[in-house]
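Printed here is entry24.cif (mmCIF, C-alpha atoms):
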```cif
data_structure
#
loop_
_atom_site.label_atom_id
_atom_site.label_comp_id
_atom_site.auth_asym_id
_atom_site.auth_seq_id
_atom_site.Cartn_x
_atom_site.Cartn_y
_atom_site.Cartn_z
CA MET A 1422 25.06 7.88 -36.28
CA TRP A 1423 28.15 9.84 -37.37
CA ASP A 1424 28.28 12.82 -39.75
CA HIS A 1425 31.26 11.72 -41.87
CA SER A 1426 32.25 15.36 -42.50
CA ILE A 1427 33.26 15.57 -38.86
CA GLU A 1428 36.82 14.66 -38.01
CA VAL A 1429 37.04 12.50 -34.91
CA LYS A 1430 40.26 11.91 -33.04
CA GLU A 1431 41.22 10.48 -29.67
CA TYR A 1432 41.50 13.33 -27.21
CA MET A 1433 42.45 11.76 -23.88
CA LYS A 1434 41.87 8.75 -21.72
CA VAL A 1435 39.69 8.84 -18.64
CA SER A 1436 39.59 6.55 -15.64
CA VAL A 1437 36.21 5.49 -14.29
CA PHE A 1438 36.20 3.18 -11.25
CA GLY A 1439 39.71 2.03 -12.12
CA LYS A 1440 39.00 1.25 -15.77
CA ILE A 1441 40.53 3.25 -18.65
CA PHE A 1442 38.26 4.43 -21.48
CA PRO A 1443 39.12 6.50 -24.57
CA THR A 1444 37.60 9.98 -24.92
CA TYR A 1445 37.10 11.66 -28.28
CA LEU A 1446 37.00 15.32 -29.40
CA LEU A 1447 35.61 16.80 -32.59
CA SER A 1448 34.35 20.06 -34.06
CA ALA A 1449 30.63 19.87 -34.65
CA PRO A 1450 28.91 22.12 -37.21
CA LYS A 1451 25.47 21.08 -35.93
CA LYS A 1452 23.97 22.39 -32.73
CA PHE A 1453 23.25 19.93 -29.97
CA PRO A 1454 21.42 20.53 -26.69
CA THR A 1455 23.65 21.97 -23.97
CA PHE A 1456 23.63 18.57 -22.30
CA ALA A 1457 22.38 15.69 -24.36
CA PRO A 1458 23.26 12.23 -23.06
CA PHE A 1459 22.77 9.88 -25.97
CA PHE A 1460 22.91 6.29 -24.80
CA LYS A 1461 23.14 4.34 -28.01
CA HIS A 1462 25.92 2.10 -29.25
CA ASN A 1463 27.58 2.70 -25.84
CA VAL A 1464 28.27 6.38 -26.67
CA CYS A 1465 27.47 9.60 -24.81
CA TRP A 1466 28.21 13.15 -25.97
CA ARG A 1467 28.20 16.63 -24.49
CA HIS A 1468 28.37 19.81 -26.61
CA SER A 1469 29.68 23.24 -25.62
CA TYR A 1470 28.24 26.26 -27.42
CA LYS A 1471 31.16 28.41 -26.26
CA THR A 1472 33.94 26.31 -27.79
CA LYS A 1473 31.82 24.71 -30.53
CA GLU A 1474 33.31 21.41 -29.45
CA THR A 1475 31.56 18.18 -28.67
CA PHE A 1476 33.07 15.61 -26.34
CA ILE A 1477 32.26 12.05 -27.24
CA PHE A 1478 32.63 9.47 -24.47
CA SER A 1479 32.83 5.87 -25.56
CA PHE A 1480 32.23 3.21 -22.91
CA THR A 1481 32.10 -0.53 -23.04
CA SER A 1482 29.50 -0.17 -20.27
CA ILE A 1483 27.35 2.91 -19.69
CA ALA A 1484 26.47 1.87 -16.15
CA THR A 1485 29.00 4.30 -14.67
CA LEU A 1486 27.17 7.22 -16.30
CA ASN A 1487 23.63 5.99 -16.15
CA HIS A 1488 23.38 4.58 -12.64
CA MET A 1489 21.78 7.74 -11.27
CA ASN A 1490 18.75 7.25 -13.52
CA HIS A 1491 17.22 4.96 -10.92
CA PRO A 1492 16.20 5.61 -7.28
CA TYR A 1493 17.69 2.47 -5.72
CA LYS A 1494 20.44 2.82 -3.14
CA LEU A 1495 20.13 -0.52 -1.34
CA ILE A 1496 19.71 -4.04 -2.74
CA ALA A 1497 18.41 -6.66 -0.30
CA VAL A 1498 18.91 -10.19 -1.55
CA ASP A 1499 17.74 -13.48 -0.09
CA LEU A 1500 20.14 -16.41 -0.31
CA ASP A 1501 18.52 -19.82 -0.77
CA GLY A 1502 16.52 -20.05 -3.98
CA THR A 1503 17.48 -16.48 -4.87
CA LEU A 1504 21.17 -15.59 -4.87
CA VAL A 1505 22.33 -19.17 -4.37
CA LYS A 1506 21.82 -21.96 -6.88
CA SER A 1507 20.69 -25.47 -5.99
CA ASP A 1508 24.33 -26.59 -5.72
CA GLN A 1509 24.91 -23.80 -3.14
CA SER A 1510 27.07 -21.80 -5.55
CA ILE A 1511 26.77 -18.16 -6.64
CA SER A 1512 27.39 -17.62 -10.35
CA GLN A 1513 30.29 -15.43 -11.44
CA ARG A 1514 27.88 -13.29 -13.46
CA THR A 1515 25.81 -12.56 -10.36
CA ILE A 1516 28.90 -11.75 -8.28
CA ASP A 1517 30.28 -9.45 -10.98
CA THR A 1518 26.94 -7.68 -11.44
CA LEU A 1519 26.48 -6.96 -7.74
CA VAL A 1520 30.10 -5.80 -7.46
CA ARG A 1521 29.50 -3.38 -10.34
CA ALA A 1522 26.38 -2.06 -8.61
CA GLN A 1523 28.42 -1.47 -5.45
CA GLU A 1524 31.13 0.27 -7.48
CA ALA A 1525 28.38 2.59 -8.72
CA GLY A 1526 27.48 3.47 -5.12
CA VAL A 1527 24.60 1.06 -4.42
CA LYS A 1528 24.80 -0.78 -1.09
CA VAL A 1529 23.99 -4.48 -0.81
CA THR A 1530 22.64 -6.45 2.13
CA VAL A 1531 22.16 -10.18 2.42
CA ALA A 1532 18.63 -10.71 3.76
CA SER A 1533 18.34 -14.30 4.89
CA GLY A 1534 16.68 -16.57 7.37
CA ARG A 1535 20.05 -18.24 7.86
CA PRO A 1536 22.10 -17.61 10.99
CA THR A 1537 24.78 -14.94 10.69
CA PHE A 1538 27.56 -17.52 10.49
CA GLY A 1539 25.77 -19.24 7.60
CA THR A 1540 25.63 -16.04 5.53
CA GLN A 1541 29.29 -15.03 5.83
CA HIS A 1542 30.56 -16.98 2.83
CA ALA A 1543 28.03 -15.32 0.51
CA ALA A 1544 28.65 -11.87 2.00
CA ASN A 1545 32.39 -12.19 1.44
CA ALA A 1546 31.91 -13.52 -2.10
CA LEU A 1547 29.95 -10.34 -2.89
CA ARG A 1548 32.73 -8.29 -1.22
CA LEU A 1549 30.32 -6.66 1.23
CA ASN A 1550 33.25 -6.36 3.63
CA GLU A 1551 35.00 -4.10 1.10
CA PHE A 1552 32.07 -1.97 -0.06
CA GLY A 1553 30.38 -1.36 3.29
CA GLY A 1554 27.52 -3.82 2.89
CA TYR A 1555 25.34 -5.47 5.50
CA ILE A 1556 24.17 -8.85 6.71
CA MET A 1557 20.57 -9.18 7.87
CA SER A 1558 20.28 -12.70 9.25
CA TYR A 1559 17.64 -14.67 11.15
CA ASN A 1560 14.93 -13.04 8.99
CA GLY A 1561 15.79 -9.68 10.50
CA GLY A 1562 16.65 -10.85 14.01
CA GLU A 1563 20.26 -9.65 13.62
CA ILE A 1564 21.77 -6.92 11.46
CA TYR A 1565 25.51 -6.44 10.98
CA ASP A 1566 27.62 -3.76 9.35
CA TRP A 1567 29.82 -6.29 7.57
CA GLN A 1568 32.68 -3.93 6.83
CA GLN A 1569 33.06 -2.99 10.48
CA LYS A 1570 31.90 -6.42 11.76
CA LYS A 1571 29.64 -4.41 14.05
CA LEU A 1572 26.29 -5.61 15.39
CA MET A 1573 23.71 -2.94 14.56
CA TYR A 1574 20.58 -4.66 15.87
CA SER A 1575 19.44 -7.89 17.51
CA LYS A 1576 16.32 -9.30 19.12
CA MET A 1577 16.11 -12.62 20.96
CA LEU A 1578 13.32 -15.16 21.18
CA ASP A 1579 11.21 -15.08 24.34
CA LYS A 1580 12.61 -17.89 26.50
CA GLN A 1581 9.14 -18.83 27.76
CA VAL A 1582 8.15 -19.87 24.23
CA ILE A 1583 10.89 -22.50 23.89
CA PRO A 1584 9.46 -25.24 26.18
CA TYR A 1585 6.07 -24.95 24.50
CA ILE A 1586 7.33 -25.33 20.93
CA TYR A 1587 9.69 -28.13 21.96
CA THR A 1588 6.82 -30.13 23.47
CA TYR A 1589 4.63 -29.40 20.47
CA ALA A 1590 7.30 -30.68 18.07
CA GLN A 1591 7.79 -33.84 20.13
CA GLU A 1592 4.06 -34.56 20.26
CA HIS A 1593 3.79 -34.27 16.48
CA GLY A 1594 6.87 -36.39 15.75
CA MET A 1595 8.90 -33.52 14.32
CA GLY A 1596 12.45 -32.40 14.89
CA ILE A 1597 13.51 -29.07 16.40
CA MET A 1598 16.79 -27.18 16.17
CA THR A 1599 18.40 -23.82 16.78
CA TYR A 1600 21.68 -22.05 16.04
CA ILE A 1601 24.24 -21.21 18.72
CA GLY A 1602 27.44 -19.54 17.58
CA SER A 1603 28.80 -21.50 14.64
CA GLU A 1604 26.82 -24.68 15.39
CA VAL A 1605 23.45 -26.23 14.65
CA VAL A 1606 22.08 -27.46 17.99
CA SER A 1607 19.63 -30.35 18.33
CA GLU A 1608 18.94 -33.52 20.27
CA VAL A 1609 19.19 -35.64 17.11
CA GLU A 1610 21.71 -35.79 14.27
CA ASP A 1611 20.09 -38.14 11.75
CA ASN A 1612 17.14 -35.91 10.83
CA PRO A 1613 17.46 -35.17 7.08
CA TYR A 1614 16.16 -31.61 7.40
CA ILE A 1615 18.57 -30.77 10.21
CA CYS A 1616 21.40 -32.28 8.18
CA HIS A 1617 20.34 -30.11 5.25
CA SER A 1618 20.59 -26.98 7.38
CA SER A 1619 24.00 -28.07 8.64
CA MET A 1620 25.29 -28.62 5.12
CA ARG A 1621 24.10 -25.38 3.50
CA ASN A 1622 25.15 -23.21 6.44
CA ARG A 1623 28.51 -24.97 6.73
CA MET A 1624 27.86 -25.45 10.44
CA PRO A 1625 28.39 -28.73 12.33
CA ILE A 1626 25.62 -30.31 14.39
CA ARG A 1627 26.15 -30.26 18.15
CA LEU A 1628 24.05 -32.81 20.02
CA VAL A 1629 22.66 -31.79 23.41
CA PRO A 1630 20.79 -33.94 25.92
CA ASP A 1631 18.34 -31.16 26.82
CA PHE A 1632 17.34 -28.87 23.95
CA VAL A 1633 15.22 -26.51 26.04
CA THR A 1634 17.96 -25.83 28.59
CA ALA A 1635 20.61 -25.32 25.90
CA ALA A 1636 18.44 -22.88 23.93
CA GLN A 1637 17.34 -20.91 26.99
CA GLU A 1638 20.86 -20.57 28.37
CA ALA A 1639 22.25 -19.43 25.02
CA ASP A 1640 19.58 -16.74 24.46
CA VAL A 1641 18.81 -17.74 20.85
CA VAL A 1642 17.27 -15.65 18.07
CA LYS A 1643 15.01 -18.41 16.76
CA CYS A 1644 14.06 -22.07 16.83
CA ILE A 1645 13.03 -24.15 13.82
CA ILE A 1646 10.62 -27.07 13.74
CA VAL A 1647 11.42 -29.36 10.80
CA GLY A 1648 9.25 -31.92 9.06
CA ALA A 1649 7.47 -33.01 5.91
CA PRO A 1650 5.81 -30.05 4.14
CA THR A 1651 2.14 -31.13 4.31
CA PRO A 1652 1.88 -31.85 8.06
CA LEU A 1653 4.17 -28.90 8.81
CA GLN A 1654 1.69 -26.59 7.09
CA GLU A 1655 -0.98 -27.62 9.60
CA VAL A 1656 1.45 -27.16 12.50
CA GLU A 1657 2.18 -23.66 11.21
CA LYS A 1658 -1.48 -22.65 11.36
CA LYS A 1659 -1.96 -24.04 14.87
CA LEU A 1660 1.21 -22.45 16.27
CA GLN A 1661 0.38 -19.09 14.72
CA THR A 1662 -2.84 -19.15 16.73
CA ALA A 1663 -1.28 -20.55 19.90
CA LEU A 1664 1.67 -18.11 19.94
CA LYS A 1665 -0.20 -15.01 18.81
CA GLY A 1666 1.20 -12.04 20.70
CA GLN A 1667 4.28 -14.00 21.83
CA ALA A 1668 6.24 -14.89 18.66
CA ASN A 1669 6.09 -14.82 14.88
CA VAL A 1670 5.61 -18.18 13.15
CA PHE A 1671 6.18 -18.78 9.42
CA ARG A 1672 7.82 -21.19 6.99
CA SER A 1673 11.07 -20.15 5.32
CA GLU A 1674 11.09 -23.42 3.36
CA PRO A 1675 8.28 -25.96 2.93
CA PHE A 1676 10.08 -28.13 5.53
CA PHE A 1677 11.30 -25.36 7.91
CA LEU A 1678 8.89 -23.72 10.36
CA GLU A 1679 10.55 -20.77 12.06
CA ILE A 1680 9.61 -19.36 15.44
CA VAL A 1681 11.18 -15.91 15.85
CA PRO A 1682 10.73 -12.93 18.19
CA LEU A 1683 7.43 -11.10 17.97
CA GLY A 1684 7.46 -8.40 15.30
CA ILE A 1685 10.44 -9.83 13.41
CA ASP A 1686 10.34 -10.42 9.69
CA LYS A 1687 12.44 -9.28 6.74
CA ALA A 1688 10.37 -6.15 6.14
CA LYS A 1689 10.75 -5.02 9.75
CA GLY A 1690 14.47 -5.78 9.66
CA LEU A 1691 14.92 -3.73 6.51
CA GLU A 1692 12.89 -0.90 7.98
CA ILE A 1693 15.31 -0.83 10.91
CA LEU A 1694 18.36 -0.98 8.63
CA LEU A 1695 17.04 1.80 6.37
CA SER A 1696 16.41 4.05 9.35
CA LYS A 1697 19.95 3.50 10.59
CA ILE A 1698 21.59 4.35 7.26
CA GLY A 1699 19.29 7.22 6.33
CA LEU A 1700 17.39 5.71 3.42
CA CYS A 1701 13.70 5.15 2.70
CA LYS A 1702 11.85 2.12 1.38
CA GLU A 1703 11.42 3.72 -2.06
CA GLU A 1704 15.20 3.45 -2.41
CA LEU A 1705 15.13 -0.29 -1.68
CA MET A 1706 15.20 -3.13 -4.22
CA ALA A 1707 14.52 -6.57 -2.72
CA PHE A 1708 14.86 -10.09 -4.16
CA GLY A 1709 13.25 -13.26 -2.82
CA ASP A 1710 11.57 -16.55 -3.59
CA GLY A 1711 10.19 -17.90 -0.30
CA TYR A 1712 7.24 -17.38 2.00
CA ASN A 1713 9.39 -15.43 4.44
CA ASP A 1714 10.38 -13.05 1.62
CA THR A 1715 6.83 -11.86 0.97
CA PRO A 1716 6.87 -9.07 3.61
CA MET A 1717 10.02 -7.46 2.19
CA LEU A 1718 8.84 -7.80 -1.42
CA THR A 1719 5.67 -5.88 -0.62
CA TYR A 1720 7.58 -3.37 1.54
CA ALA A 1721 10.38 -2.51 -0.90
CA GLY A 1722 10.20 0.23 -3.49
CA LEU A 1723 10.81 -2.54 -6.02
CA GLY A 1724 10.06 -6.08 -4.92
CA ILE A 1725 11.40 -8.73 -7.30
CA ALA A 1726 10.34 -12.37 -7.13
CA MET A 1727 12.49 -15.10 -8.63
CA GLY A 1728 11.17 -17.14 -11.54
CA ASN A 1729 11.33 -20.23 -9.32
CA ALA A 1730 9.18 -18.65 -6.58
CA HIS A 1731 5.72 -19.93 -5.73
CA ASP A 1732 2.83 -18.17 -7.44
CA GLU A 1733 1.69 -16.40 -4.27
CA ILE A 1734 5.15 -14.87 -3.82
CA LYS A 1735 5.15 -13.73 -7.45
CA LYS A 1736 1.79 -12.03 -6.92
CA ALA A 1737 3.26 -10.03 -4.03
CA ALA A 1738 6.12 -8.72 -6.18
CA ASP A 1739 6.38 -5.79 -8.59
CA PHE A 1740 8.46 -7.77 -11.07
CA VAL A 1741 9.29 -11.42 -11.73
CA THR A 1742 12.84 -12.08 -12.90
CA LEU A 1743 14.52 -15.26 -14.12
CA SER A 1744 15.11 -18.21 -11.79
CA ASN A 1745 18.06 -18.52 -9.43
CA GLU A 1746 19.52 -21.13 -11.79
CA ASP A 1747 19.39 -18.58 -14.65
CA ASP A 1748 21.03 -15.64 -12.84
CA GLY A 1749 17.74 -13.90 -12.09
CA VAL A 1750 19.35 -11.47 -9.62
CA ALA A 1751 21.96 -10.39 -12.18
CA PHE A 1752 19.31 -10.03 -14.89
CA ALA A 1753 17.19 -7.64 -12.81
CA VAL A 1754 20.13 -5.58 -11.48
CA GLU A 1755 21.37 -5.15 -15.04
CA LYS A 1756 17.89 -4.12 -16.14
CA PHE A 1757 16.92 -1.70 -13.37
CA ILE A 1758 20.23 -0.39 -12.01
CA LEU A 1759 23.11 -0.90 -14.43
CA GLN A 1760 20.79 -0.51 -17.43
CA ASP A 1761 23.41 -1.74 -19.86
CA LYS A 1762 21.59 -4.60 -21.53
CA PRO A 1763 19.17 -4.46 -24.49
CA TYR A 1764 15.74 -5.42 -23.09
#
```
Would you encode the structure as structure tokens?
Amino acid sequence: MWDHSIEVKEYMKVSVFGKIFPTYLLSAPKKFPTFAPFFKHNVCWRHSYKTKETFIFSFTSIATLNHMNHPYKLIAVDLDGTLVKSDQSISQRTIDTLVRAQEAGVKVTVASGRPTFGTQHAANALRLNEFGGYIMSYNGGEIYDWQQKKLMYSKMLDKQVIPYIYTYAQEHGMGIMTYIGSEVVSEVEDNPYICHSSMRNRMPIRLVPDFVTAAQEADVVKCIIVGAPTPLQEVEKKLQTALKGQANVFRSEPFFLEIVPLGIDKAKGLEILLSKIGLCKEELMAFGDGYNDTPMLTYAGLGIAMGNAHDEIKKAADFVTLSNEDDGVAFAVEKFILQDKPY
């Protein structure tokens, strides 16, 4: 791309987000537009007609210059099946990519059905506490400013619903659990689905003799009925009808049926968060893979389904990225926000 008659020499070094890059100066006999960003071979130039000089900026990554070419100011990312791999880890590439997005001024919120305690490890790994990010837990039932550790919003489950869903679970031979503080609370400890929740949230199981009393006294955000996917699908349909106007009922996993406060889902939670931080849904990018992610994928300015998502979730999205095992979140953030990869 260079005119070899032009002498190029290092002019100065510039610091961008703590990284040092060389800057070059040359005399240019050709006229260039007054401002012509040329993003090729990681180079950008700007020409001045007054001095007849052209400044050439060479970057190993153009994200710091190009990040304003997109409208997104908030990334909402689901955890299980999205940000987190099957071994419950977050890849270094994904962490680095989301940190770079935050360095460029984009906020990040975890948007999970997990309890707040169960999202903290992921939030800290993404350094949300440093960059002023958020935690939206319980599918939107709680929202925290994670830098200030300040509760921004919460809504609790109607206590009158709890005895009904407990009895229903018992009659259908299914387990039921909730989250209180840093513990998973249930009447049984050998249920494989409850053990799964305990493991991935890093929360111990606390056995109680009376689930209904414990949940009502604690004022919980949600309860979860657990069971095999096929029969649980039928229970979902029946409870949606039975609890219409009292609570929202949906599956966050094939084996988890969540009963949450009326009007709560990830889209509503994000709507509340956006209103509190002065953004609109067109400035929102959302990632998800599960049934409970569908509302936020259709709500967001850019809804991105994971490659491992079910077909119906993919149909609700604007874009389908790679799977969670293949760093799908990093791939899409690089493509749409950092824009520093050849696609």
May I have the residues within 9 Å of A:Phe1552 as a ChimeraX atom specification, using all atoms listed in the file and disregarding those fewer than 4 positions away in the same chain? /A:1520,1523-1524,1526,1528-1529,1548,1568
So which residues get picked by the PyMOL selection byres ((chain A and resi 1517) around 12) here, written as a VMD selection string? chain A and resid 1511 to 1516 1518 to 1524 1546 to 1548 1748 1750 to 1752 1754 to 1755 1759
Hits of the PyMOL selection byres ((chain A and resi 1504) around 10) in this structure, as a short mmCIF file (atom, residue, chain, number, x, y, z; two decimals) with C-alpha atoms, in the frame of the given file:
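Written output follows (out.cif):
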```cif
data_model
loop_
_atom_site.label_atom_id
_atom_site.label_comp_id
_atom_site.auth_asym_id
_atom_site.auth_seq_id
_atom_site.Cartn_x
_atom_site.Cartn_y
_atom_site.Cartn_z
CA VAL A 1498 18.91 -10.19 -1.55
CA ASP A 1499 17.74 -13.48 -0.09
CA LEU A 1500 20.14 -16.41 -0.31
CA ASP A 1501 18.52 -19.82 -0.77
CA GLY A 1502 16.52 -20.05 -3.98
CA THR A 1503 17.48 -16.48 -4.87
CA VAL A 1505 22.33 -19.17 -4.37
CA LYS A 1506 21.82 -21.96 -6.88
CA SER A 1507 20.69 -25.47 -5.99
CA GLN A 1509 24.91 -23.80 -3.14
CA SER A 1510 27.07 -21.80 -5.55
CA ILE A 1511 26.77 -18.16 -6.64
CA SER A 1512 27.39 -17.62 -10.35
CA THR A 1515 25.81 -12.56 -10.36
CA ILE A 1516 28.90 -11.75 -8.28
CA VAL A 1531 22.16 -10.18 2.42
CA ALA A 1543 28.03 -15.32 0.51
CA PHE A 1708 14.86 -10.09 -4.16
CA GLY A 1709 13.25 -13.26 -2.82
CA ASP A 1710 11.57 -16.55 -3.59
CA MET A 1727 12.49 -15.10 -8.63
CA SER A 1744 15.11 -18.21 -11.79
CA ASN A 1745 18.06 -18.52 -9.43
CA GLU A 1746 19.52 -21.13 -11.79
CA ASP A 1748 21.03 -15.64 -12.84
CA GLY A 1749 17.74 -13.90 -12.09
CA VAL A 1750 19.35 -11.47 -9.62
CA ALA A 1751 21.96 -10.39 -12.18
#
```
Env of stretch 1579-1584 of chain A: 7 Å cut, atoms = all atoms listed in the file, seq-sep filter 4 positions within chain, self excluded. Answer as a PDB file with C-alpha atoms, in the frame of the given file.
```pdb
ATOM      1  CA  THR A1588       6.820 -30.130  23.470  1.00  0.00           C
ATOM      2  CA  VAL A1633      15.220 -26.510  26.040  1.00  0.00           C
ATOM      3  CA  GLN A1637      17.340 -20.910  26.990  1.00  0.00           C
ATOM      4  CA  PRO A1682      10.730 -12.930  18.190  1.00  0.00           C
TER       5      PRO A1682
END
```
I'd like the residues picked by the PyMOL selection byres ((chain A and resi 1648) around 7) written out as a ChimeraX atom specification, using the chain letters and numbers from the file. /A:1595-1596,1646-1647,1649-1650,1653,1676-1677
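Proximity of A:Met1598, A:His1491, A:Cys1616, A:Ser1673 to A:Arg1535, computed with all atoms listed in the file, is greatest for A:Ser1673.
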Just the number, please: distance in Å from atom CA of A:Asp1732 to atom CA of A:Gly1711, one decimal. 10.3 Å
Just give me the gap between atom CA of A:Ala1525 and atom CA of A:Lys1494 in Å, one decimal is fine. 9.7 Å
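Distance annotation: of A:Leu1694, A:Ile1556, A:Val1527, A:Ala1636, the residue with the minimal separation from A:Pro1492 is A:Val1527; atom set is all atoms listed in the file.
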Selection near A:Thr1715, 12 Å with all atoms listed in the file, sequence-local residues under 4 positions removed, as a PDB file with C-alpha atoms, keeping the file's coordinate frame:
```pdb
ATOM      1  CA  ASP A1499      17.740 -13.480  -0.090  1.00  0.00           C
ATOM      2  CA  ASN A1560      14.930 -13.040   8.990  1.00  0.00           C
ATOM      3  CA  PHE A1671       6.180 -18.780   9.420  1.00  0.00           C
ATOM      4  CA  ARG A1672       7.820 -21.190   6.990  1.00  0.00           C
ATOM      5  CA  SER A1673      11.070 -20.150   5.320  1.00  0.00           C
ATOM      6  CA  ASP A1686      10.340 -10.420   9.690  1.00  0.00           C
ATOM      7  CA  LYS A1687      12.440  -9.280   6.740  1.00  0.00           C
ATOM      8  CA  ALA A1688      10.370  -6.150   6.140  1.00  0.00           C
ATOM      9  CA  LYS A1689      10.750  -5.020   9.750  1.00  0.00           C
ATOM     10  CA  ALA A1707      14.520  -6.570  -2.720  1.00  0.00           C
ATOM     11  CA  PHE A1708      14.860 -10.090  -4.160  1.00  0.00           C
ATOM     12  CA  GLY A1709      13.250 -13.260  -2.820  1.00  0.00           C
ATOM     13  CA  ASP A1710      11.570 -16.550  -3.590  1.00  0.00           C
ATOM     14  CA  GLY A1711      10.190 -17.900  -0.300  1.00  0.00           C
ATOM     15  CA  THR A1719       5.670  -5.880  -0.620  1.00  0.00           C
ATOM     16  CA  TYR A1720       7.580  -3.370   1.540  1.00  0.00           C
ATOM     17  CA  ALA A1721      10.380  -2.510  -0.900  1.00  0.00           C
ATOM     18  CA  GLY A1724      10.060  -6.080  -4.920  1.00  0.00           C
ATOM     19  CA  ILE A1725      11.400  -8.730  -7.300  1.00  0.00           C
ATOM     20  CA  ALA A1726      10.340 -12.370  -7.130  1.00  0.00           C
ATOM     21  CA  MET A1727      12.490 -15.100  -8.630  1.00  0.00           C
ATOM     22  CA  ALA A1730       9.180 -18.650  -6.580  1.00  0.00           C
ATOM     23  CA  HIS A1731       5.720 -19.930  -5.730  1.00  0.00           C
ATOM     24  CA  ASP A1732       2.830 -18.170  -7.440  1.00  0.00           C
ATOM     25  CA  GLU A1733       1.690 -16.400  -4.270  1.00  0.00           C
ATOM     26  CA  ILE A1734       5.150 -14.870  -3.820  1.00  0.00           C
ATOM     27  CA  LYS A1735       5.150 -13.730  -7.450  1.00  0.00           C
ATOM     28  CA  LYS A1736       1.790 -12.030  -6.920  1.00  0.00           C
ATOM     29  CA  ALA A1737       3.260 -10.030  -4.030  1.00  0.00           C
ATOM     30  CA  ALA A1738       6.120  -8.720  -6.180  1.00  0.00           C
ATOM     31  CA  ASP A1739       6.380  -5.790  -8.590  1.00  0.00           C
TER      32      ASP A1739
END
```
Taking only C-alpha atoms into account, name the residue in A:Val1606, A:Ser1619, A:Gly1553, A:Leu1495 that is nearest to A:Leu1723. A:Leu1495
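From atom CA of A:Tyr1559 back to atom CA of A:Glu1604, the distance works out to 14.2 Å.
Every protein, DNA or RNA residue with an atom at most 7 Å from stretch 1624-1631 of chain A, where only C-alpha atoms count and chain neighbours fewer than 6 positions away do not, is listed here: Ser1603, Glu1604, Val1605, Val1606, Ser1607, Glu1608, Val1609 and Glu1610 of chain A.
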